[in-house]
>>> print(open('entry15.cif').read())   # mmCIF, C-alpha atoms
data_input
#
loop_
_atom_site.label_atom_id
_atom_site.label_comp_id
_atom_site.auth_asym_id
_atom_site.auth_seq_id
_atom_site.Cartn_x
_atom_site.Cartn_y
_atom_site.Cartn_z
CA MET C 22 -120.99 -110.49 85.68
CA VAL C 23 -117.75 -109.70 83.95
CA GLN C 24 -116.59 -106.13 83.97
CA TYR C 25 -114.05 -104.85 81.48
CA LEU C 26 -111.75 -102.20 82.87
CA GLU C 27 -109.36 -100.49 80.44
CA SER C 28 -106.38 -98.51 81.49
CA THR C 29 -103.49 -97.01 79.61
CA MET C 30 -99.95 -97.51 80.76
CA ILE C 31 -97.00 -95.48 79.54
CA ILE C 32 -93.74 -97.35 79.63
CA LEU C 33 -90.66 -95.23 79.59
CA CYS C 34 -87.66 -97.12 78.23
CA VAL C 35 -84.54 -95.45 79.51
CA LEU C 36 -81.12 -96.41 78.26
CA ILE C 37 -78.97 -96.86 81.35
CA ALA C 38 -75.22 -97.04 80.97
CA ALA C 39 -73.88 -99.84 83.11
CA LYS C 40 -71.20 -98.42 85.35
CA ASN C 41 -68.38 -100.90 85.47
CA THR C 42 -66.41 -100.66 88.68
CA HIS C 43 -63.22 -101.16 86.66
CA ALA C 44 -64.07 -98.40 84.15
CA ALA C 45 -62.32 -95.13 84.86
CA ILE C 46 -62.15 -92.25 82.40
CA TYR C 47 -58.97 -92.54 80.36
CA THR C 48 -56.98 -89.61 78.97
CA PRO C 49 -55.16 -90.82 75.84
CA GLY C 50 -52.31 -88.99 74.21
CA LYS C 51 -53.08 -86.89 71.16
CA ARG C 52 -52.32 -88.78 67.96
CA TRP C 53 -52.71 -89.05 64.22
CA GLY C 54 -52.94 -91.97 61.81
CA HIS C 55 -54.84 -94.21 64.27
CA THR C 56 -57.58 -96.72 63.49
CA ALA C 57 -61.15 -96.29 64.77
CA ASN C 58 -63.84 -98.97 64.54
CA LEU C 59 -67.46 -99.00 65.67
CA ILE C 60 -68.66 -102.11 67.53
CA GLU C 61 -72.15 -101.83 69.01
CA ASN C 62 -72.06 -98.46 70.81
CA LYS C 63 -68.32 -98.09 71.23
CA ILE C 64 -65.63 -96.62 68.98
CA TYR C 65 -62.44 -98.67 69.49
CA ILE C 66 -59.20 -96.81 68.83
CA LEU C 67 -55.78 -98.34 68.32
CA GLY C 68 -52.35 -97.03 67.45
CA GLY C 69 -51.48 -93.79 65.76
CA ALA C 70 -48.40 -91.72 66.47
CA ASP C 71 -47.53 -88.74 68.62
CA ALA C 72 -45.84 -85.52 67.51
CA THR C 73 -42.47 -87.31 67.32
CA ASN C 74 -43.91 -90.16 65.20
CA GLN C 75 -43.63 -92.70 68.04
CA THR C 76 -46.50 -95.19 67.87
CA TYR C 77 -48.94 -95.89 70.68
CA GLN C 78 -49.69 -99.33 72.17
CA ASP C 79 -52.92 -98.48 73.97
CA PHE C 80 -56.32 -99.86 72.91
CA PHE C 81 -59.28 -97.86 74.20
CA TYR C 82 -62.82 -96.92 73.30
CA LEU C 83 -65.20 -93.98 73.28
CA ASP C 84 -68.44 -94.92 75.02
CA LEU C 85 -71.42 -93.75 72.94
CA SER C 86 -74.00 -94.94 75.46
CA VAL C 87 -73.39 -91.93 77.70
CA ASN C 88 -73.43 -88.17 77.30
CA PHE C 89 -70.13 -86.33 77.08
CA THR C 90 -68.85 -82.91 76.11
CA ILE C 91 -66.19 -82.43 73.47
CA SER C 92 -63.86 -81.17 76.18
CA ALA C 93 -64.37 -84.28 78.35
CA PRO C 94 -65.03 -87.34 76.15
CA ALA C 95 -65.84 -90.67 77.79
CA PHE C 96 -62.72 -92.64 76.81
CA ILE C 97 -62.20 -95.95 78.60
CA LEU C 98 -58.91 -97.88 78.47
CA ASN C 99 -59.46 -101.43 77.29
CA LYS C 100 -55.92 -102.74 77.29
CA LYS C 101 -52.28 -101.92 76.66
CA PHE C 102 -50.69 -104.57 74.48
CA GLU C 103 -47.20 -104.86 75.96
CA ASN C 104 -45.88 -107.11 73.18
CA PHE C 105 -47.42 -105.02 70.39
CA THR C 106 -45.28 -102.19 69.03
CA GLY C 107 -48.24 -100.21 67.78
CA LEU C 108 -49.07 -99.13 64.23
CA ASN C 109 -49.47 -95.80 62.49
CA LEU C 110 -51.32 -95.27 59.19
CA ALA C 111 -52.73 -98.81 59.23
CA THR C 112 -56.20 -99.69 57.93
CA SER C 113 -58.89 -101.67 59.72
CA VAL C 114 -62.34 -103.24 59.30
CA VAL C 115 -64.91 -104.90 61.57
CA LYS C 116 -66.34 -108.38 60.94
CA ASP C 117 -69.71 -109.49 62.38
CA ASN C 118 -69.78 -106.50 64.74
CA LYS C 119 -67.23 -108.39 66.83
CA SER C 120 -63.73 -108.79 65.38
CA ILE C 121 -61.37 -106.02 64.27
CA TYR C 122 -58.85 -106.79 61.50
CA ILE C 123 -55.90 -104.43 61.06
CA TYR C 124 -53.59 -104.46 58.05
CA GLY C 125 -50.43 -102.63 57.02
CA GLY C 126 -49.19 -99.38 58.47
CA VAL C 127 -45.88 -98.24 59.90
CA LYS C 128 -44.48 -99.74 63.09
CA SER C 129 -41.73 -98.60 65.42
CA THR C 130 -38.83 -101.00 65.95
CA SER C 131 -36.64 -101.60 68.98
CA ASN C 132 -33.88 -99.36 67.62
CA ASP C 133 -36.28 -96.39 67.18
CA SER C 134 -36.49 -96.83 63.42
CA GLN C 135 -39.69 -97.49 61.49
CA GLU C 136 -40.68 -100.14 58.99
CA ILE C 137 -43.73 -100.88 56.85
CA SER C 138 -45.90 -103.72 58.09
CA SER C 139 -47.47 -106.42 55.90
CA ALA C 140 -49.11 -108.22 58.81
CA VAL C 141 -52.79 -108.73 59.55
CA PHE C 142 -53.83 -108.56 63.21
CA GLU C 143 -57.10 -109.67 64.74
CA ILE C 144 -58.51 -108.08 67.90
CA ASN C 145 -61.56 -109.42 69.70
CA PRO C 146 -62.65 -106.97 72.39
CA ASN C 147 -64.98 -108.63 74.87
CA VAL C 148 -67.71 -106.01 74.70
CA ASN C 149 -69.97 -107.50 77.35
CA SER C 150 -67.29 -108.63 79.79
CA THR C 151 -67.48 -107.37 83.37
CA SER C 152 -63.70 -106.99 83.25
CA LEU C 153 -62.52 -104.65 80.53
CA THR C 154 -59.32 -106.54 79.77
CA LYS C 155 -60.74 -110.05 80.12
CA ASN C 156 -60.26 -112.09 76.95
CA THR C 157 -59.26 -109.04 74.90
CA SER C 158 -56.45 -110.30 72.70
CA ILE C 159 -54.46 -109.35 69.65
CA GLU C 160 -53.20 -112.04 67.27
CA GLU C 161 -51.06 -111.84 64.17
CA LEU C 162 -52.61 -114.08 61.53
CA THR C 163 -50.65 -116.43 59.30
CA PHE C 164 -51.70 -117.00 55.70
CA SER C 165 -51.15 -119.66 53.07
CA GLY C 166 -50.24 -118.79 49.50
CA SER C 167 -49.23 -115.42 48.08
CA GLU C 168 -49.68 -112.22 50.08
CA PRO C 169 -49.58 -108.50 49.21
CA GLN C 170 -46.63 -106.30 50.00
CA GLY C 171 -46.73 -104.19 53.12
CA ARG C 172 -48.15 -100.72 52.68
CA TYR C 173 -49.55 -97.69 54.43
CA GLY C 174 -51.93 -94.91 53.44
CA THR C 175 -54.58 -97.29 52.09
CA GLN C 176 -58.12 -97.93 53.27
CA ALA C 177 -59.61 -101.41 53.35
CA VAL C 178 -63.29 -102.33 53.32
CA ILE C 179 -65.13 -105.52 54.24
CA THR C 180 -67.88 -106.91 52.02
CA ASN C 181 -71.24 -108.44 52.86
CA SER C 182 -69.57 -111.85 52.55
CA SER C 183 -66.81 -110.89 55.02
CA GLN C 184 -64.08 -110.51 52.39
CA ILE C 185 -61.55 -107.72 53.00
CA VAL C 186 -60.71 -105.64 49.91
CA VAL C 187 -57.35 -103.84 49.77
CA TRP C 188 -56.06 -101.62 46.97
CA GLY C 189 -53.55 -98.79 46.72
CA GLY C 190 -51.41 -97.20 49.41
CA LEU C 191 -47.69 -96.64 49.36
CA SER C 192 -46.16 -99.83 47.95
CA ASN C 193 -44.85 -101.21 44.68
CA ASP C 194 -47.96 -103.36 44.33
CA ASN C 195 -51.02 -101.85 42.61
CA ARG C 196 -53.02 -105.05 42.42
CA THR C 197 -56.48 -105.49 43.92
CA TRP C 198 -56.27 -107.93 46.83
CA ILE C 199 -59.01 -109.91 48.56
CA CYS C 200 -58.40 -111.33 52.04
CA ASP C 201 -60.49 -114.13 53.54
CA PRO C 202 -59.74 -113.89 57.27
CA GLU C 203 -61.51 -117.17 58.05
CA ALA C 204 -59.71 -119.24 55.41
CA ARG C 205 -56.49 -117.28 56.06
CA THR C 206 -55.88 -116.64 52.36
CA TRP C 207 -55.12 -113.70 50.09
CA ARG C 208 -55.97 -113.70 46.38
CA ASP C 209 -55.61 -111.39 43.40
CA PRO C 210 -58.90 -111.47 41.43
CA LYS C 211 -57.12 -109.92 38.41
CA PRO C 212 -59.68 -107.33 37.23
CA SER C 213 -59.21 -106.17 33.65
CA LYS C 214 -58.17 -102.64 34.66
CA SER C 215 -57.52 -100.53 37.76
CA PRO C 216 -56.75 -96.89 38.63
CA LYS C 217 -53.28 -95.42 38.78
CA PRO C 218 -51.60 -96.02 42.16
CA LYS C 219 -52.82 -93.62 44.85
CA ILE C 220 -52.32 -93.02 48.55
CA ASP C 221 -54.30 -91.31 51.34
CA PHE C 222 -57.70 -91.71 49.66
CA THR C 223 -60.94 -92.95 51.24
CA ALA C 224 -62.75 -96.17 50.38
CA THR C 225 -66.45 -96.58 51.22
CA TYR C 226 -68.37 -99.84 50.83
CA LEU C 227 -71.96 -99.60 49.59
CA PRO C 228 -74.65 -102.22 50.34
CA ASP C 229 -74.85 -103.09 46.61
CA GLY C 230 -71.25 -104.38 46.67
CA ARG C 231 -69.44 -101.37 45.19
CA VAL C 232 -66.47 -99.63 46.79
CA ILE C 233 -66.25 -95.87 46.20
CA TYR C 234 -62.72 -94.38 46.15
CA ILE C 235 -62.42 -90.63 46.68
CA GLY C 236 -59.45 -88.27 46.54
CA GLY C 237 -55.86 -89.02 47.49
CA THR C 238 -52.56 -88.30 45.79
CA PHE C 239 -50.82 -90.22 43.03
CA VAL C 240 -47.88 -92.30 44.20
CA LEU C 241 -45.73 -91.54 41.16
CA ASN C 242 -45.85 -87.71 41.20
CA GLU C 243 -47.50 -86.89 44.57
CA LYS C 244 -50.07 -84.68 42.82
CA PHE C 245 -53.65 -84.52 44.06
CA SER C 246 -56.03 -86.64 42.04
CA ASP C 247 -59.08 -84.99 40.48
CA ILE C 248 -61.79 -85.41 43.09
CA ASN C 249 -64.42 -85.45 40.33
CA GLN C 250 -62.91 -88.62 38.90
CA ILE C 251 -64.56 -91.26 41.08
CA TRP C 252 -63.30 -94.81 40.76
CA THR C 253 -65.51 -97.67 41.93
CA TYR C 254 -64.69 -101.33 42.37
CA ASN C 255 -67.59 -103.76 42.02
CA THR C 256 -66.78 -106.64 44.38
CA ILE C 257 -69.44 -108.84 42.80
CA LYS C 258 -68.46 -108.33 39.15
CA ASN C 259 -64.71 -107.85 39.87
CA GLU C 260 -64.83 -104.70 37.80
CA TRP C 261 -63.34 -101.21 38.11
CA THR C 262 -65.38 -98.29 36.68
CA ASN C 263 -64.62 -94.57 36.47
CA TYR C 264 -67.30 -91.90 36.88
CA THR C 265 -67.10 -88.14 36.44
CA ALA C 266 -68.89 -86.38 39.27
CA LYS C 267 -70.90 -83.20 38.75
CA GLY C 268 -72.40 -80.56 41.02
CA ASP C 269 -70.56 -78.11 43.28
CA MET C 270 -66.85 -77.46 42.80
CA ILE C 271 -65.02 -79.44 45.48
CA GLN C 272 -61.38 -78.82 46.31
CA PRO C 273 -59.16 -81.92 45.88
CA ARG C 274 -57.77 -83.46 49.04
CA ALA C 275 -55.96 -86.36 50.68
CA LYS C 276 -55.69 -87.70 54.24
CA HIS C 277 -59.39 -86.94 54.73
CA SER C 278 -62.16 -89.11 56.21
CA ALA C 279 -65.41 -90.47 54.79
CA VAL C 280 -68.61 -91.87 56.30
CA LEU C 281 -71.68 -93.37 54.61
CA ASP C 282 -74.99 -91.68 55.47
CA GLY C 283 -77.74 -93.42 53.51
CA GLN C 284 -77.05 -92.76 49.83
CA HIS C 285 -74.54 -90.02 50.65
CA ILE C 286 -70.83 -90.13 51.44
CA ILE C 287 -69.70 -87.31 53.74
CA ILE C 288 -66.02 -86.45 53.38
CA TYR C 289 -64.34 -84.20 55.88
CA GLY C 290 -60.96 -82.58 56.38
CA GLY C 291 -57.66 -83.58 54.85
CA ILE C 292 -54.86 -81.66 53.18
CA SER C 293 -55.05 -79.66 49.98
CA GLU C 294 -53.40 -76.75 48.14
CA PRO C 295 -54.27 -74.17 49.29
CA LEU C 296 -55.12 -75.44 52.77
CA LEU C 297 -58.74 -76.30 53.42
CA THR C 298 -60.79 -73.90 55.53
CA GLU C 299 -63.88 -74.42 57.66
CA LYS C 300 -66.07 -73.35 54.73
CA ASN C 301 -64.80 -75.96 52.25
CA SER C 302 -63.68 -78.71 54.65
CA LEU C 303 -66.84 -80.79 54.24
CA ALA C 304 -68.42 -82.16 51.06
CA VAL C 305 -71.20 -84.64 50.31
CA LEU C 306 -71.31 -87.07 47.37
CA ASP C 307 -74.62 -88.52 46.21
CA THR C 308 -73.85 -92.11 45.25
CA ILE C 309 -76.95 -92.37 43.03
CA ASP C 310 -76.10 -89.67 40.48
CA PHE C 311 -72.48 -88.93 41.54
CA SER C 312 -73.11 -85.28 42.29
CA TRP C 313 -71.20 -83.15 44.82
CA LYS C 314 -72.68 -80.72 47.30
CA GLN C 315 -70.73 -78.22 49.42
CA PRO C 316 -73.01 -77.57 52.42
CA ASN C 317 -72.65 -74.73 54.87
CA ILE C 318 -71.34 -75.90 58.24
CA GLN C 319 -73.27 -74.59 61.21
CA ASN C 320 -71.83 -73.64 64.63
CA PRO C 321 -68.14 -73.55 63.62
CA GLN C 322 -67.23 -72.42 67.15
CA TYR C 323 -67.75 -76.01 68.33
CA GLY C 324 -65.65 -77.57 65.57
CA PRO C 325 -61.89 -77.81 65.04
CA GLN C 326 -60.26 -74.42 64.76
CA GLN C 327 -57.86 -75.90 62.20
CA VAL C 328 -59.04 -78.48 59.66
CA PRO C 329 -57.62 -81.89 60.65
CA ASN C 330 -56.02 -84.58 58.53
CA HIS C 331 -55.10 -88.18 59.35
CA HIS C 332 -58.07 -88.13 61.74
CA SER C 333 -60.99 -90.55 61.89
CA SER C 334 -64.73 -90.00 61.46
CA THR C 335 -67.47 -92.37 62.62
CA LEU C 336 -71.20 -91.96 62.00
CA TYR C 337 -73.52 -93.13 64.78
CA ASN C 338 -77.19 -92.18 65.17
CA ASN C 339 -76.94 -89.10 62.92
CA GLN C 340 -73.86 -87.82 64.71
CA MET C 341 -70.41 -87.81 63.11
CA ILE C 342 -67.71 -88.24 65.74
CA VAL C 343 -64.29 -86.94 64.67
CA THR C 344 -61.31 -88.14 66.71
CA PHE C 345 -57.72 -86.87 66.88
CA GLY C 346 -55.62 -86.01 63.80
CA GLN C 347 -53.10 -83.42 62.66
CA ALA C 348 -53.55 -79.84 61.52
CA GLU C 349 -51.12 -77.93 59.37
CA PRO C 350 -48.38 -77.27 60.07
CA GLU C 351 -47.97 -80.58 61.94
CA LYS C 352 -49.99 -79.67 65.00
CA LEU C 353 -52.06 -82.28 66.83
CA VAL C 354 -55.69 -81.31 67.31
CA ASN C 355 -58.05 -81.92 70.23
CA SER C 356 -59.35 -85.42 70.72
CA VAL C 357 -63.08 -85.33 69.84
CA TYR C 358 -65.55 -83.21 67.89
CA VAL C 359 -69.20 -84.01 67.15
CA MET C 360 -71.26 -82.97 64.12
CA ASP C 361 -75.04 -83.34 63.89
CA THR C 362 -75.87 -84.67 60.41
CA LYS C 363 -79.60 -85.23 60.90
CA ASP C 364 -81.66 -83.87 58.01
CA GLN C 365 -78.36 -82.77 56.44
CA ALA C 366 -77.93 -80.05 59.06
CA TYR C 367 -74.11 -80.43 59.31
CA ALA C 368 -73.82 -78.54 62.58
CA TRP C 369 -71.01 -78.86 65.10
CA VAL C 370 -72.36 -79.36 68.61
CA PRO C 371 -70.72 -78.89 72.04
CA SER C 372 -71.66 -82.33 73.34
CA TYR C 373 -72.64 -85.83 72.33
CA VAL C 374 -76.09 -87.05 73.36
CA PRO C 375 -77.21 -90.68 72.85
CA SER C 376 -80.49 -91.44 71.13
CA PRO C 377 -83.48 -90.05 73.03
CA VAL C 378 -85.55 -92.29 75.27
CA THR C 379 -88.46 -94.13 73.72
CA ILE C 380 -91.99 -93.79 75.05
CA ILE C 381 -94.29 -96.70 74.32
CA ASN C 382 -98.07 -96.48 74.75
CA VAL C 383 -99.54 -99.81 75.86
CA SER C 384 -103.20 -100.52 76.58
CA PHE C 385 -104.12 -103.29 79.02
CA ILE C 386 -107.56 -104.84 79.49
CA TYR C 387 -108.28 -106.24 82.94
CA PHE C 388 -110.92 -108.94 83.39
CA VAL C 389 -112.74 -108.71 86.74
CA GLN C 390 -115.26 -111.43 87.52
CA SER C 391 -118.07 -110.71 90.01
CA THR C 392 -118.59 -113.12 92.90
CA GLU C 393 -122.23 -112.04 93.32
CA GLY C 394 -124.68 -114.97 93.79
CA LYS C 395 -121.93 -117.48 94.66
CA THR C 396 -121.95 -119.41 97.97
#
>>> encode(input="entry15.cif", output="structure tokens")
Amino acid sequence: MVQYLESTMIILCVLIAAKNTHAAIYTPGKRWGHTANLIENKIYILGGADATNQTYQDFFYLDLSVNFTISAPAFILNKKFENFTGLNLATSVVKDNKSIYIYGGVKSTSNDSQEISSAVFEINPNVNSTSLTKNTSIEELTFSGSEPQGRYGTQAVITNSSQIVVWGGLSNDNRTWICDPEARTWRDPKPSKSPKPKIDFTATYLPDGRVIYIGGTFVLNEKFSDINQIWTYNTIKNEWTNYTAKGDMIQPRAKHSAVLDGQHIIIYGGISEPLLTEKNSLAVLDTIDFSWKQPNIQNPQYGPQQVPNHHSSTLYNNQMIVTFGQAEPEKLVNSVYVMDTKDQAYAWVPSYVPSPVTIINVSFIYFVQSTEGKT
């Protein structure tokens, strides 16, 4: 006789942060104009400058696999590049969730002066290494053919085909440039038209191949651009298009941040005239109908007390992590703030919490065979 016994087993999948014996909490200096890139569950931060405009050489990350409070973020030092002078106001992208490419910016020289960089650097952090510094390297790439002028105050994006798109920033070159980091080439696709030169805008890449450019100031007269005039660059058609946004009245700004949340782009912070306040520091653009919304921010007591600029924002699991930056007049802000964006709540929170554990219900059937009647 065969008996069928059914039982239900609940499997609790708990995310456990591996505690590396070499990983000690790192306290970085406050900074502005740094780069921040998400690889897996870590935000890698490089460069930026201190209050005296001296650039940093440290390369560290914020571990998003563990809980932390905004007053004690889980920064881990990855490496200090001794032969790297550091960059401020550079732009960066991530390729294949593995390699970081950094372009442009301002670098400090040996005689304490500063110069604009035209170099492209590649960093490959060894995410799964048992030694934090093992195999982490930074390399300046060499290219064949023509290359763009050095610049700062631009924002690059990387396409689905791993091409890096660069436009704008402070330089004498207003062309649209495409970088192929594998082939080590730059090219000018020569679109039929392009916007007037701008600096300190945001550029956001959409899955359909368009790049959305928001805000900034014009290079020629330093005036704020109309934030309702949205320029897009179609990387597939090699075509610039201008749209007029509708909806809520949004104050123009520059030196802000932008993250993509589904069909919405969330912009935060920056400078404006008059200065931005907590109430108008955040705005949301619908990329389907190009309409603006000015949401109410919840729990302002957990957010920056002064609206930052030249900061970074990274969206991860419905939480927008804001790191470093300046606040007017030229004051460096605290290192990390966290905003809950789930269901468009837009609420500052006192701590970061990774995704909740997952409970899986699994039914097992056991087959038990009777030995009755056997000799």
>>> closest_residue(input="entry15.cif", among="C:Cys200, C:Ile220, C:Val127, C:Val178", to="Val240 in chain C", atoms="all atoms listed in the file")
C:Ile220
>>> closest_atom_pairs(input="entry15.cif", of="range 220-292 of chain C", to="range 167-174 of chain C", cutoff="12 Å", atoms="only C-alpha atoms", output="Markdown table")
| residue | atom | partner | partner_atom | distance |
| --- | --- | --- | --- | --- |
| C:Ile220 | CA | C:Gly174 | CA | 5.3 |
| C:Asp221 | CA | C:Gly174 | CA | 4.8 |
| C:Phe222 | CA | C:Gly174 | CA | 7.6 |
| C:Thr223 | CA | C:Gly174 | CA | 9.5 |
| C:Ala224 | CA | C:Gly174 | CA | 11.3 |
| C:Gly237 | CA | C:Gly174 | CA | 9.2 |
| C:Thr238 | CA | C:Gly174 | CA | 10.1 |
| C:Phe239 | CA | C:Gly174 | CA | 11.5 |
| C:Val240 | CA | C:Gly174 | CA | 10.4 |
| C:Ala275 | CA | C:Gly174 | CA | 9.8 |
| C:Lys276 | CA | C:Gly174 | CA | 8.2 |
| C:His277 | CA | C:Gly174 | CA | 11.0 |
>>> resolve_selection(input="entry15.cif", expression="the PyMOL selection byres ((chain C and resi 292) around 9)", output="list in words")
Pro273, Arg274, Ala275, Lys276, His277, Gly290, Gly291, Ser293, Glu294, Pro295, Leu296, Leu297, Val328, Pro329, Asn330, His331, Ala348 and Glu349 of chain C
>>> resolve_selection(input="entry15.cif", expression="the PyMOL selection byres ((chain C and resi 66) around 6)", output="PyMOL selection string")
chain C and resi 56-57+65+67+80-82
>>> closest_residue(input="entry15.cif", among="C:Tyr323, C:Tyr289, C:Tyr264, C:Tyr122", to="Met341 in chain C", atoms="all atoms listed in the file")
C:Tyr289
>>> decode(input="entry15.cif", residues="range 275-283 of chain C", atoms="all heavy atoms", output="CSV table (one decimal), in the first residue's frame")
chain,number,residue,atom,x,y,z
C,275,ALA,N,19.5,74.4,-12.0
C,275,ALA,CA,20.7,73.8,-12.6
C,275,ALA,C,21.4,73.1,-11.4
C,275,ALA,O,21.1,73.4,-10.2
C,275,ALA,CB,21.6,74.9,-13.2
C,276,LYS,N,22.4,72.3,-11.7
C,276,LYS,CA,23.1,71.6,-10.7
C,276,LYS,C,22.2,70.7,-9.9
C,276,LYS,O,22.5,70.4,-8.7
C,276,LYS,CB,23.9,72.5,-9.8
C,276,LYS,CG,24.8,73.5,-10.6
C,276,LYS,CD,25.5,74.4,-9.6
C,276,LYS,CE,26.4,75.4,-10.4
C,276,LYS,NZ,27.1,76.4,-9.5
C,277,HIS,N,21.1,70.2,-10.4
C,277,HIS,CA,20.2,69.3,-9.8
C,277,HIS,C,20.5,67.9,-10.1
C,277,HIS,O,21.5,67.6,-10.8
C,277,HIS,CB,18.8,69.6,-10.2
C,277,HIS,CG,18.6,69.7,-11.7
C,277,HIS,ND1,19.1,70.6,-12.5
C,277,HIS,CD2,17.9,68.9,-12.5
C,277,HIS,CE1,18.8,70.4,-13.7
C,277,HIS,NE2,18.1,69.3,-13.8
C,278,SER,N,19.7,66.9,-9.6
C,278,SER,CA,19.9,65.5,-10.0
C,278,SER,C,18.6,65.0,-10.6
C,278,SER,O,17.5,65.6,-10.5
C,278,SER,CB,20.3,64.7,-8.7
C,278,SER,OG,19.2,64.7,-7.8
C,279,ALA,N,18.7,63.8,-11.2
C,279,ALA,CA,17.5,63.2,-11.9
C,279,ALA,C,17.7,61.7,-11.8
C,279,ALA,O,18.8,61.2,-12.0
C,279,ALA,CB,17.4,63.7,-13.3
C,280,VAL,N,16.6,61.0,-11.5
C,280,VAL,CA,16.5,59.6,-11.6
C,280,VAL,C,15.3,59.1,-12.3
C,280,VAL,O,14.3,59.8,-12.3
C,280,VAL,CB,16.5,58.9,-10.1
C,280,VAL,CG1,17.8,59.3,-9.4
C,280,VAL,CG2,15.3,59.4,-9.3
C,281,LEU,N,15.4,58.0,-13.0
C,281,LEU,CA,14.3,57.4,-13.7
C,281,LEU,C,13.5,56.4,-12.9
C,281,LEU,O,14.1,55.5,-12.4
C,281,LEU,CB,14.8,56.8,-15.0
C,281,LEU,CG,13.7,56.2,-15.9
C,281,LEU,CD1,12.8,57.3,-16.5
C,281,LEU,CD2,14.3,55.4,-17.1
C,282,ASP,N,12.2,56.7,-12.7
C,282,ASP,CA,11.3,55.8,-11.9
C,282,ASP,C,10.2,55.4,-12.8
C,282,ASP,O,9.1,56.1,-12.9
C,282,ASP,CB,10.9,56.5,-10.7
C,282,ASP,CG,10.0,55.6,-9.7
C,282,ASP,OD1,10.1,54.4,-9.9
C,282,ASP,OD2,9.4,56.2,-8.8
C,283,GLY,N,10.3,54.3,-13.5
C,283,GLY,CA,9.3,53.9,-14.5
C,283,GLY,C,9.2,54.8,-15.6
C,283,GLY,O,10.2,55.1,-16.3
